[in-house]
$ cat coords.txt   # compact mmCIF, C-alpha atoms
# COMPACT_ATOMS: atom_id res chain seq x y z
CA MET A 13 -18.62 -11.48 10.00
CA ASP A 14 -17.81 -13.42 13.16
CA HIS A 15 -14.56 -14.73 14.67
CA VAL A 16 -14.67 -17.91 12.52
CA ASP A 17 -14.98 -15.86 9.31
CA LYS A 18 -12.05 -13.75 10.48
CA LYS A 19 -9.95 -16.88 11.10
CA ILE A 20 -10.81 -18.22 7.65
CA ILE A 21 -9.88 -14.92 6.01
CA ALA A 22 -6.62 -14.69 8.02
CA HIS A 23 -5.70 -18.22 6.96
CA LEU A 24 -6.39 -17.43 3.30
CA GLN A 25 -4.37 -14.23 3.54
CA ALA A 26 -1.43 -16.21 4.89
CA ASP A 27 -1.81 -18.94 2.26
CA GLY A 28 -4.20 -18.26 -0.59
CA ARG A 29 -3.64 -21.76 -1.95
CA ALA A 30 -4.75 -23.52 1.24
CA THR A 31 -7.28 -26.30 0.71
CA LEU A 32 -10.67 -26.27 2.36
CA GLN A 33 -9.49 -29.16 4.53
CA GLU A 34 -6.40 -27.22 5.71
CA ILE A 35 -8.50 -24.17 6.56
CA ALA A 36 -11.09 -26.35 8.30
CA GLU A 37 -8.42 -27.92 10.51
CA ALA A 38 -7.00 -24.49 11.36
CA VAL A 39 -10.37 -23.01 12.37
CA GLY A 40 -12.01 -26.10 13.87
CA PHE A 41 -14.78 -26.50 11.31
CA THR A 42 -15.63 -29.04 8.64
CA SER A 43 -14.46 -28.38 5.10
CA MET A 44 -18.13 -28.10 4.03
CA GLY A 45 -18.69 -25.49 6.77
CA VAL A 46 -15.66 -23.51 5.55
CA LYS A 47 -16.85 -23.78 1.95
CA LYS A 48 -20.30 -22.43 2.86
CA ARG A 49 -18.79 -19.55 4.81
CA LEU A 50 -16.43 -18.68 1.95
CA GLU A 51 -19.29 -18.77 -0.54
CA LYS A 52 -21.35 -16.47 1.70
CA LEU A 53 -18.42 -14.06 2.16
CA ALA A 54 -17.89 -13.95 -1.61
CA LYS A 55 -21.62 -13.62 -2.38
CA THR A 56 -21.98 -10.67 0.03
CA ASN A 57 -18.92 -9.02 -1.58
CA THR A 58 -17.00 -9.23 1.71
CA ILE A 59 -14.05 -11.03 0.13
CA GLN A 60 -12.68 -11.68 -3.32
CA VAL A 61 -10.17 -14.38 -4.02
CA SER A 62 -7.54 -13.19 -6.51
CA ALA A 63 -3.85 -13.26 -7.30
CA LEU A 64 -1.65 -10.39 -6.16
CA ILE A 65 1.64 -9.54 -7.88
CA ASN A 66 4.96 -8.52 -6.37
CA PRO A 67 6.04 -5.48 -8.46
CA LYS A 68 9.65 -5.89 -7.33
CA ALA A 69 9.78 -9.45 -8.72
CA LEU A 70 8.65 -8.12 -12.10
CA LYS A 71 10.93 -5.07 -11.84
CA LEU A 72 7.94 -2.74 -11.94
CA HIS A 73 8.15 0.78 -10.54
CA PRO A 74 5.18 1.87 -8.38
CA ALA A 75 4.28 5.47 -7.59
CA ILE A 76 1.64 7.47 -5.74
CA VAL A 77 -0.18 10.25 -7.61
CA MET A 78 -2.08 12.83 -5.57
CA LEU A 79 -4.68 14.94 -7.37
CA GLU A 80 -6.84 17.87 -6.36
CA MET A 81 -9.80 17.97 -8.72
CA GLU A 82 -11.76 21.13 -9.58
CA SER A 83 -15.16 19.46 -9.57
CA ALA A 84 -17.05 16.20 -9.21
CA GLU A 85 -17.58 16.24 -12.98
CA ALA A 86 -13.83 16.48 -13.66
CA MET A 87 -13.23 13.67 -11.16
CA GLN A 88 -15.76 11.42 -12.89
CA LYS A 89 -14.23 12.13 -16.31
CA LEU A 90 -10.79 11.16 -14.99
CA LEU A 91 -12.15 7.98 -13.40
CA ASN A 92 -13.89 7.02 -16.65
CA ARG A 93 -10.78 7.76 -18.71
CA PHE A 94 -8.50 5.51 -16.63
CA LYS A 95 -10.91 2.73 -15.54
CA ASP A 96 -9.35 0.26 -18.01
CA CYS A 97 -5.72 1.37 -17.65
CA PRO A 98 -3.54 -1.56 -16.53
CA ARG A 99 -0.99 0.80 -14.98
CA VAL A 100 -3.51 2.27 -12.53
CA VAL A 101 -3.66 -0.20 -9.64
CA HIS A 102 -5.99 1.77 -7.36
CA ILE A 103 -7.64 5.16 -7.20
CA PHE A 104 -8.87 6.31 -3.80
CA LYS A 105 -11.34 9.15 -3.29
CA THR A 106 -10.36 11.10 -0.18
CA ILE A 107 -11.64 13.97 1.90
CA GLY A 108 -9.03 16.67 2.18
CA GLY A 109 -6.70 18.78 0.08
CA TYR A 110 -6.10 16.06 -2.49
CA ASN A 111 -9.37 14.34 -3.28
CA LEU A 112 -7.96 11.52 -5.44
CA ILE A 113 -4.92 9.41 -4.67
CA ALA A 114 -3.79 6.82 -7.18
CA LEU A 115 -1.36 3.94 -7.02
CA VAL A 116 0.26 3.36 -10.41
CA VAL A 117 2.98 1.07 -11.78
CA ALA A 118 5.36 1.36 -14.73
CA GLU A 119 7.71 -1.10 -16.38
CA THR A 120 10.80 1.15 -16.40
CA GLU A 121 11.93 4.34 -14.71
CA GLU A 122 11.65 6.09 -18.09
CA THR A 123 8.06 4.89 -18.51
CA LEU A 124 7.33 6.01 -14.94
CA GLU A 125 8.57 9.45 -15.92
CA SER A 126 6.30 9.36 -18.99
CA ILE A 127 3.22 8.46 -16.99
CA SER A 128 4.03 11.26 -14.57
CA MET A 129 3.95 14.05 -17.18
CA GLU A 130 2.89 12.98 -20.69
CA LYS A 131 -0.60 13.03 -22.25
CA CYS A 132 -1.27 9.54 -20.87
CA SER A 133 -0.66 10.76 -17.32
CA LEU A 134 -3.36 11.05 -14.67
CA ARG A 135 -1.84 14.46 -13.97
CA CYS A 136 -2.55 15.72 -17.50
CA SER A 137 -6.29 15.26 -17.28
CA GLN A 138 -8.56 18.28 -17.46
CA GLY A 139 -9.94 19.70 -14.24
CA ILE A 140 -6.89 19.20 -12.03
CA ARG A 141 -5.99 22.11 -9.75
CA ARG A 142 -2.74 20.62 -8.50
CA SER A 143 -0.97 17.29 -8.32
CA GLU A 144 2.03 15.56 -6.81
CA PHE A 145 3.86 12.43 -7.96
CA TYR A 146 5.89 10.22 -5.62
CA PRO A 147 7.84 7.18 -6.88
CA ILE A 148 7.81 4.44 -4.24
CA SER A 149 11.17 3.05 -3.12
CA ASP A 150 10.01 0.21 -0.83
CA ILE A 151 6.71 -1.49 0.05
CA TYR A 152 6.39 -2.73 3.63
CA PHE A 153 4.25 -5.39 5.34
CA SER A 154 3.06 -7.01 2.10
CA PRO A 155 4.93 -6.51 -1.16
CA PHE A 156 1.98 -7.76 -3.24
CA LEU A 157 -0.36 -5.49 -5.20
CA PRO A 158 -3.49 -6.19 -7.24
CA ILE A 159 -1.87 -5.22 -10.54
CA ARG A 160 -4.53 -5.41 -13.23
CA GLU A 161 -2.70 -7.81 -15.53
CA ASN A 162 -6.02 -8.84 -17.09
CA LEU A 163 -6.18 -5.44 -18.81
CA ALA A 164 -2.74 -5.81 -20.45
CA HIS A 165 -3.95 -7.77 -23.45
CA LYS A 166 -1.92 -6.06 -26.22
CA GLU A 167 -4.78 -6.24 -28.74
CA ASN A 168 -6.10 -2.69 -29.18
CA LYS A 169 -5.10 -0.03 -31.68
CA VAL A 170 -6.35 2.75 -29.35
CA THR A 171 -5.42 3.11 -25.68
CA PRO A 172 -8.19 3.16 -23.03
CA CYS A 173 -7.31 6.81 -22.27
CA SER A 174 -7.47 7.66 -26.03
CA VAL A 175 -3.84 8.80 -26.21
CA ASP A 176 -1.86 7.72 -29.28
CA CYS A 177 1.59 6.50 -28.20
CA ILE A 178 3.02 6.26 -31.75
CA PRO A 179 3.71 10.01 -32.26
CA CYS A 180 4.87 10.53 -28.66
CA ASN A 181 8.57 11.55 -28.54
CA ARG A 182 9.20 9.45 -25.45
CA TYR A 183 7.81 6.34 -27.19
CA THR A 184 9.70 6.94 -30.47
CA ASN A 185 12.93 7.63 -28.52
CA GLN A 186 12.42 4.36 -26.55
CA LYS A 187 11.99 6.15 -23.22
CA CYS A 188 8.52 4.66 -22.81
CA VAL A 189 7.31 1.15 -23.65
CA GLY A 190 3.84 2.29 -24.73
CA CYS A 191 0.46 1.16 -23.47
CA PRO A 192 0.06 -2.50 -22.39
CA THR A 193 -3.37 -2.65 -24.02
CA THR A 194 -2.06 -1.98 -27.54
CA SER A 195 -0.41 -4.08 -30.23
CA TYR A 196 2.66 -1.81 -30.37
CA TYR A 197 3.48 -2.25 -26.66
CA LYS A 198 7.16 -3.12 -25.97
CA GLY A 199 7.08 -4.05 -22.28
CA PRO A 200 6.76 -7.10 -20.01
CA LEU A 201 3.18 -6.74 -18.70
$ encode --input "coords.txt" --output "structure tokens"
Amino acid sequence: MDHVDKKIIAHLQADGRATLQEIAEAVGFTSMGVKKRLEKLAKTNTIQVSALINPKALKLHPAIVMLEMESAEAMQKLLNRFKDCPRVVHIFKTIGGYNLIALVVAETEETLESISMEKCSLRCSQGIRRSEFYPISDIYFSPFLPIRENLAHKENKVTPCSVDCIPCNRYTNQKCVGCPTTSYYKGPL
């Protein structure tokens, strides 16, 4: 990646809807030159063009979950269990006391509480030594997150994590909106 690629990326980050011509004028290249560079950056998995979502605009509640896993096997089971969960925005593997850190979102404060402690919670997975849960009050520098809206299709009978929301007290008492992948979901995702 050279200085021209960096300029193209910076321009796209400032305005993801910029045309090839607008980017070309900003970086001093032809639109065909910009197109070729963008195709190469995408092909080499250097960039991905996608839509980010402002959780505040949708009244979503983000939180950080820190997990210390007992083993690599337990970590892999957790990753497999939540790979298709629309509420899990990111999971980072780290080196240190907590070896997984997740960014999650919920539709309401009550649902956030549910995903912090109920069976559908990252924290309730097997193989966790300790965990911490921190609701986020403000997001600085860029309020946009790659919320996985494509997974919230409301078509399944079973959740990706295999937890049944129907008998859950928090769901039946309307303190949780359920899983966005299921037909009985009651939220805005």
$ closest_residue --input "coords.txt" --among "A:Lys105, A:His15, A:Glu82, A:Gln186" --to "Gly199 (chain A)" --atoms "only C-alpha atoms"
A:Gln186
$ closest_residue --input "coords.txt" --among "A:Ile127, A:Ala118, A:Ile103, A:Met13" --to "Lys52 (chain A)" --atoms "all atoms listed in the file"
A:Met13
$ residues_near_point --input "coords.txt" --point "(-0.8, -9.2, -21.3)" --cutoff "10 Å" --atoms "all atoms listed in the file" --output "ChimeraX atom specification"
/A:98,160-167,192-194,197,199-201
$ write_last_selection --input "coords.txt" --atoms "C-alpha atoms" --output "short mmCIF file (atom, residue, chain, number, x, y, z; two decimals), in the coordinates of the input"
data_model
loop_
_atom_site.label_atom_id
_atom_site.label_comp_id
_atom_site.auth_asym_id
_atom_site.auth_seq_id
_atom_site.Cartn_x
_atom_site.Cartn_y
_atom_site.Cartn_z
CA PRO A 98 -3.54 -1.56 -16.53
CA ARG A 160 -4.53 -5.41 -13.23
CA GLU A 161 -2.70 -7.81 -15.53
CA ASN A 162 -6.02 -8.84 -17.09
CA LEU A 163 -6.18 -5.44 -18.81
CA ALA A 164 -2.74 -5.81 -20.45
CA HIS A 165 -3.95 -7.77 -23.45
CA LYS A 166 -1.92 -6.06 -26.22
CA GLU A 167 -4.78 -6.24 -28.74
CA PRO A 192 0.06 -2.50 -22.39
CA THR A 193 -3.37 -2.65 -24.02
CA THR A 194 -2.06 -1.98 -27.54
CA TYR A 197 3.48 -2.25 -26.66
CA GLY A 199 7.08 -4.05 -22.28
CA PRO A 200 6.76 -7.10 -20.01
CA LEU A 201 3.18 -6.74 -18.70
#
$ atom_distance --input "coords.txt" --atom1 "CA of Pro74 (chain A)" --atom2 "CA of Ile21 (chain A)"
26.8 Å
$ residues_around --input "coords.txt" --residues "region 176-182 of chain A" --least-positions-apart "4" --cutoff "9 Å" --atoms "all atoms listed in the file" --output "list in words"
Glu122, Thr123, Ser126, Glu130, Lys131, Cys132, Lys169, Val170, Thr171, Gln186, Lys187, Cys188, Val189, Gly190, Cys191 and Tyr196 of chain A
